[in-house]
Amino acid sequence: GIESGNVIDRYLQREMTMTDANRRPDTGTALSSTTVDAPSTVSIGGEEEEESGLYGEYDPLRREENGIRPGSGPSNLEEKKKRMRRLRRRRTSLCIVALLTLTLIMAVLFEELHYGLAFTWFMTRYSEVVQLPITVERSENPTSIAIVIVLKDSTHDDQYALASSTIHCYAALHNYKLHVVNAAANETWKTACPQNDFMFHRHCILRHLLDGMDEEWILFLDADVGVINPNHIIEEYLPSNRSTHIVFYDRIMNHEVMAGSYLVRNSEFSRRFLKHWADASFSLPESFHGTDNGAIHIVLLEFSFPDLREGRAKCEELWRKSKDFPSLDDFVVCTRALMAGRRMDGIEIRNKTNSQRWCRDGWLTNSMWSRRDFMLHGWQKKRLDKLGFASWHSPLARAPGTNLAPLGISLAPPGTVTDDRLAAHCASAGKEAAAEWAYKDSFMGEEEEIKKRVEKEIE
């Protein structure tokens with residue numbers, strides 16, 4: 001109300017003080033000092049616009065001067081159209097930018113989910129290659145130890161090439177006898193070990209190998225286990241108890257006993273256990289049984305605690321019902337609960353925090369390792385630099401033997417250096433064979449750092 005009154009007062013005052021000359025231009029009389037100044041202009045966006053004043057273009061005084069009758073619309077329709085066109089152009093530009101941004105985000109997500117090239121580049125980058133001197137050596141009269149790896153056939157040799165090269169060089173360097181058995185190459189194994197499931201077949205082969213071996217201890221390894229740190233010797237991990245014949249260790253990622261690597265004494269006890277384990281393939285349930293890694297838990301109960309029939313029967317019922325990894329784990333937990341607090345004669349199972357575990361899954365720490373580590377499990381080419389379960393990145397800048405190239409070639413092409421030639425080189429090179437482990441610096445961690453990462457996985 002007050003503002004409207006002020007407007008009316010201004011209008012009346014203007015009428016009263018306006019000179020005759022202002023009313024009749026032909027008189028030439030000057031306007032009084034109270035005349036209203038012409039609206040000033042300001043520049044907005046490069047174009048001049050009148051100051052809006054209190055009421056903008058709807059100010060009654062300005063509308064009258066411009067000859068606009070009361071109740072009529074805005075004076076500058078063209079300007080409004082220009083503004084609307086500018087708004088439309090801005091909206092269109094924003095929509096285009098948003099669409100392009102969304103398309104780019106979708107393309108990046110698709111690439112990372114299916115190929116992960118950027119992630120792989122980030123994870124495998126390193127600043128320099130590091131070589132560590134070999135400082136350990138076996139005693140003059142060491143315990144006789146052999147390493148055994150059983151392969152189904154030779155069709156997948158390239159899958160385990162990196163792991164195999166480290167094992168061959170390591171065994172030759174420290175003078176361990178290495179047996180790599182191609183099960184398909186010897187027909188006698190089919191007769192001696194009729195298991196159709198290769199995962200059980202290999203334990204049967206080892207049982208028969210013991211008959212012809214002179215070594216006191218054998219380290220059995222999966223083909224995808226590689227030596228990351230040759231500054232450890234197998235003697236470090238032998239049990240101090242003379243009554244122990246087989247040593248297993250717990251996997252970190254779940255509740256399982258690891259079936260892919262174990263220490264076994266060359267004894268009658270070990271032969272009986274391996275036969276019992278291999279023959280378990282003939283009584284597997286028709287379920288998601290987990291092959292030898294599932295069966296080892298029932299085998300341990302049957303072999304060590306034959307009187308626990310009622311408890312074992314409950315676990316076996318879970319085994320028969322298992323249909324995937326979670327339900328298989330229910331069975332495993334059941335068996336481990338029965339084992340808990342009970343001593344197994346002749347068998348040792350090292351828990352997840354035991355410092356005498358010679359191997360672990362490397363992918364649990366994205367292939368990061370410390371000098372405490374000895375061997376890493378899971379070096380399969382099909383999972384190298386891939387996305388998904390058990391994917392891994394090589395902590396080595398090159399495979400052992402890469403420098404053993406023919407004359408005139410700086411680096412040997414993959415597959416041109418045989419494991420036997422590499423072993424011969426490492427045996428003759430002695431501690432100079434350390435050069436075959438060319439580490440990426442970005443994968444080397446402090447012992448405490450890696451320990452914490454492993455403990456986090458255990459939690």
# chains A, B, ... in the order shown; residues from 1 in each chain; ligands from 1
call {"tool": "residues_around", "arguments": {"residues": "segment 123-131 of chain A", "least_positions_apart": "4", "cutoff": "6 Å", "atoms": "only C-alpha atoms", "output": "VMD selection string"}}
result
chain A and resid 438 to 442
call {"tool": "write_last_selection", "arguments": {"atoms": "N, CA and C atoms", "output": "compact mmCIF listing (two decimals), in the first residue's frame"}}
result
# COMPACT_ATOMS: atom_id res chain seq x y z
N ALA A 438 63.77 -61.17 -11.21
CA ALA A 438 63.78 -59.72 -11.46
C ALA A 438 62.47 -59.15 -10.94
N TYR A 439 62.50 -58.54 -9.76
CA TYR A 439 61.28 -58.12 -9.08
C TYR A 439 60.83 -56.72 -9.51
N LYS A 440 59.53 -56.57 -9.65
CA LYS A 440 58.96 -55.23 -9.80
C LYS A 440 58.93 -54.59 -8.41
N ASP A 441 59.51 -53.41 -8.31
CA ASP A 441 59.62 -52.79 -6.99
C ASP A 441 58.27 -52.49 -6.35
N SER A 442 57.25 -52.25 -7.17
CA SER A 442 55.94 -51.87 -6.64
C SER A 442 55.22 -53.04 -5.97
call {"tool": "residues_around", "arguments": {"residues": "segment 383-399 of chain A", "least_positions_apart": "2", "cutoff": "6 Å", "atoms": "only C-alpha atoms", "output": "list in words"}}
result
Thr120, Leu162, Trp363, Gln380, Lys381, Thr402, Ala438, Tyr439, Lys440 and Phe443 of chain A
call {"tool": "select_by_dssp", "arguments": {"residues": "segment 131-300 of chain A", "states": "strand (DSSP E)", "output": "PyMOL selection string"}}
result
chain A and resi 145-151+177-182+217-221+225-227+246-249+261-265
call {"tool": "write_last_selection", "arguments": {"atoms": "N, CA and C atoms", "output": "mmCIF file, in the first residue's frame"}}
result
data_model
loop_
_atom_site.group_PDB
_atom_site.id
_atom_site.type_symbol
_atom_site.label_atom_id
_atom_site.label_comp_id
_atom_site.auth_asym_id
_atom_site.auth_seq_id
_atom_site.Cartn_x
_atom_site.Cartn_y
_atom_site.Cartn_z
ATOM 1 N N ILE A 145 65.584 -84.198 0.452
ATOM 2 C CA ILE A 145 64.243 -83.686 0.134
ATOM 3 C C ILE A 145 64.075 -83.641 -1.382
ATOM 4 N N ALA A 146 62.894 -84.010 -1.843
ATOM 5 C CA ALA A 146 62.561 -83.920 -3.266
ATOM 6 C C ALA A 146 61.290 -83.097 -3.432
ATOM 7 N N ILE A 147 61.115 -82.556 -4.612
ATOM 8 C CA ILE A 147 59.907 -81.803 -4.970
ATOM 9 C C ILE A 147 59.178 -82.591 -6.060
ATOM 10 N N VAL A 148 57.858 -82.749 -5.898
ATOM 11 C CA VAL A 148 57.066 -83.506 -6.870
ATOM 12 C C VAL A 148 55.912 -82.659 -7.381
ATOM 13 N N ILE A 149 55.776 -82.607 -8.710
ATOM 14 C CA ILE A 149 54.644 -81.956 -9.369
ATOM 15 C C ILE A 149 54.060 -82.964 -10.350
ATOM 16 N N VAL A 150 52.762 -83.207 -10.278
ATOM 17 C CA VAL A 150 52.099 -84.151 -11.185
ATOM 18 C C VAL A 150 51.187 -83.369 -12.121
ATOM 19 N N LEU A 151 51.429 -83.511 -13.424
ATOM 20 C CA LEU A 151 50.620 -82.846 -14.450
ATOM 21 C C LEU A 151 49.680 -83.853 -15.098
ATOM 22 N N LYS A 177 66.102 -82.564 -5.602
ATOM 23 C CA LYS A 177 65.666 -83.411 -6.714
ATOM 24 C C LYS A 177 64.242 -83.015 -7.104
ATOM 25 N N LEU A 178 64.016 -82.754 -8.380
ATOM 26 C CA LEU A 178 62.692 -82.335 -8.857
ATOM 27 C C LEU A 178 62.116 -83.394 -9.780
ATOM 28 N N HIS A 179 60.898 -83.850 -9.447
ATOM 29 C CA HIS A 179 60.187 -84.828 -10.276
ATOM 30 C C HIS A 179 58.933 -84.154 -10.839
ATOM 31 N N VAL A 180 58.876 -83.987 -12.151
ATOM 32 C CA VAL A 180 57.676 -83.474 -12.814
ATOM 33 C C VAL A 180 57.105 -84.630 -13.629
ATOM 34 N N VAL A 181 55.938 -85.115 -13.211
ATOM 35 C CA VAL A 181 55.345 -86.313 -13.796
ATOM 36 C C VAL A 181 54.212 -85.929 -14.734
ATOM 37 N N ASN A 182 54.288 -86.387 -15.971
ATOM 38 C CA ASN A 182 53.207 -86.228 -16.942
ATOM 39 C C ASN A 182 52.368 -87.498 -16.887
ATOM 40 N N TRP A 217 61.950 -86.735 2.698
ATOM 41 C CA TRP A 217 60.781 -85.867 2.646
ATOM 42 C C TRP A 217 60.504 -85.441 1.207
ATOM 43 N N ILE A 218 59.210 -85.279 0.928
ATOM 44 C CA ILE A 218 58.777 -84.827 -0.403
ATOM 45 C C ILE A 218 57.857 -83.636 -0.214
ATOM 46 N N LEU A 219 58.120 -82.589 -0.986
ATOM 47 C CA LEU A 219 57.222 -81.435 -1.023
ATOM 48 C C LEU A 219 56.369 -81.563 -2.281
ATOM 49 N N PHE A 220 55.082 -81.819 -2.091
ATOM 50 C CA PHE A 220 54.154 -81.945 -3.220
ATOM 51 C C PHE A 220 53.584 -80.565 -3.539
ATOM 52 N N LEU A 221 53.564 -80.214 -4.831
ATOM 53 C CA LEU A 221 53.116 -78.883 -5.240
ATOM 54 C C LEU A 221 52.119 -78.947 -6.386
ATOM 55 N N VAL A 225 52.063 -73.282 -8.460
ATOM 56 C CA VAL A 225 52.812 -72.727 -7.331
ATOM 57 C C VAL A 225 54.183 -72.286 -7.827
ATOM 58 N N GLY A 226 54.544 -71.043 -7.511
ATOM 59 C CA GLY A 226 55.839 -70.512 -7.932
ATOM 60 C C GLY A 226 56.658 -70.045 -6.748
ATOM 61 N N VAL A 227 57.967 -70.053 -6.907
ATOM 62 C CA VAL A 227 58.868 -69.552 -5.858
ATOM 63 C C VAL A 227 59.041 -68.053 -6.055
ATOM 64 N N ILE A 246 52.948 -86.273 7.834
ATOM 65 C CA ILE A 246 52.334 -85.437 6.796
ATOM 66 C C ILE A 246 52.020 -84.077 7.399
ATOM 67 N N VAL A 247 52.328 -83.009 6.629
ATOM 68 C CA VAL A 247 52.058 -81.650 7.092
ATOM 69 C C VAL A 247 51.186 -80.934 6.064
ATOM 70 N N PHE A 248 50.013 -80.497 6.501
ATOM 71 C CA PHE A 248 49.124 -79.673 5.693
ATOM 72 C C PHE A 248 49.103 -78.261 6.269
ATOM 73 N N TYR A 249 48.445 -77.353 5.559
ATOM 74 C CA TYR A 249 48.203 -76.022 6.132
ATOM 75 C C TYR A 249 46.807 -75.544 5.725
ATOM 76 N N SER A 261 49.162 -78.613 -1.838
ATOM 77 C CA SER A 261 50.568 -78.591 -1.443
ATOM 78 C C SER A 261 50.686 -79.126 -0.029
ATOM 79 N N TYR A 262 51.588 -80.080 0.147
ATOM 80 C CA TYR A 262 51.800 -80.654 1.475
ATOM 81 C C TYR A 262 53.185 -81.300 1.527
ATOM 82 N N LEU A 263 53.677 -81.440 2.740
ATOM 83 C CA LEU A 263 54.936 -82.140 2.998
ATOM 84 C C LEU A 263 54.610 -83.557 3.453
ATOM 85 N N VAL A 264 55.302 -84.542 2.871
ATOM 86 C CA VAL A 264 55.017 -85.930 3.224
ATOM 87 C C VAL A 264 56.327 -86.682 3.443
ATOM 88 N N ARG A 265 56.385 -87.385 4.562
ATOM 89 C CA ARG A 265 57.560 -88.216 4.844
ATOM 90 C C ARG A 265 57.458 -89.512 4.033
#
call {"tool": "select_by_dssp", "arguments": {"residues": "segment 250-330 of chain A", "states": "helix (DSSP H, G or I)", "output": "number ranges by chain"}}
result
A: 268-283, 291-304, 309-321, 325-330
call {"tool": "residues_around", "arguments": {"residues": "segment 341-346 of chain A", "least_positions_apart": "2", "cutoff": "10 Å", "atoms": "only C-alpha atoms", "output": "PyMOL selection string"}}
result
chain A and resi 241-247+265+269-270+300-301+303-305+336-339+348-349
call {"tool": "write_last_selection", "arguments": {"atoms": "C-alpha atoms", "output": "CSV table (one decimal), in the first residue's frame"}}
result
chain,number,residue,atom,x,y,z
A,241,ASN,CA,58.3,-83.8,15.8
A,242,ARG,CA,59.8,-87.1,14.5
A,243,SER,CA,56.4,-88.8,14.7
A,244,THR,CA,54.9,-86.4,12.2
A,245,HIS,CA,54.6,-87.9,8.7
A,246,ILE,CA,52.3,-85.4,6.8
A,247,VAL,CA,52.1,-81.7,7.1
A,265,ARG,CA,57.6,-88.2,4.8
A,269,PHE,CA,52.1,-94.2,7.2
A,270,SER,CA,52.2,-91.7,4.3
A,300,LEU,CA,41.1,-86.9,7.8
A,301,LEU,CA,38.2,-87.8,10.0
A,303,PHE,CA,41.8,-91.9,9.0
A,304,SER,CA,42.4,-90.2,12.3
A,305,PHE,CA,39.1,-90.5,14.2
A,336,ARG,CA,36.7,-78.8,11.2
A,337,ALA,CA,34.5,-78.5,14.3
A,338,LEU,CA,35.0,-82.3,14.9
A,339,MET,CA,38.7,-82.0,14.4
A,348,GLU,CA,50.0,-81.8,11.4
A,349,ILE,CA,47.7,-79.0,10.1
call {"tool": "residues_around", "arguments": {"residues": "segment 199-208 of chain A", "least_positions_apart": "2", "cutoff": "8 Å", "atoms": "only C-alpha atoms", "output": "MDAnalysis selection string"}}
result
chainID A and resid 148 150:151 183 189 192:197 210:212 270:271 274:275 277:281 291:292
call {"tool": "closest_residue", "arguments": {"among": "A:Arg372, A:Arg251, A:Arg360, A:His289", "to": "Phe331 of chain A", "atoms": "only C-alpha atoms"}}
result
A:His289
call {"tool": "closest_residue", "arguments": {"among": "A:Lys352, A:Arg272, A:Arg320, A:Arg309", "to": "Glu256 of chain A", "atoms": "only C-alpha atoms"}}
result
A:Lys352
call {"tool": "atom_distance", "arguments": {"atom1": "atom CA of Gly378 of chain A", "atom2": "atom CA of Asp361 of chain A"}}
result
6.1 Å
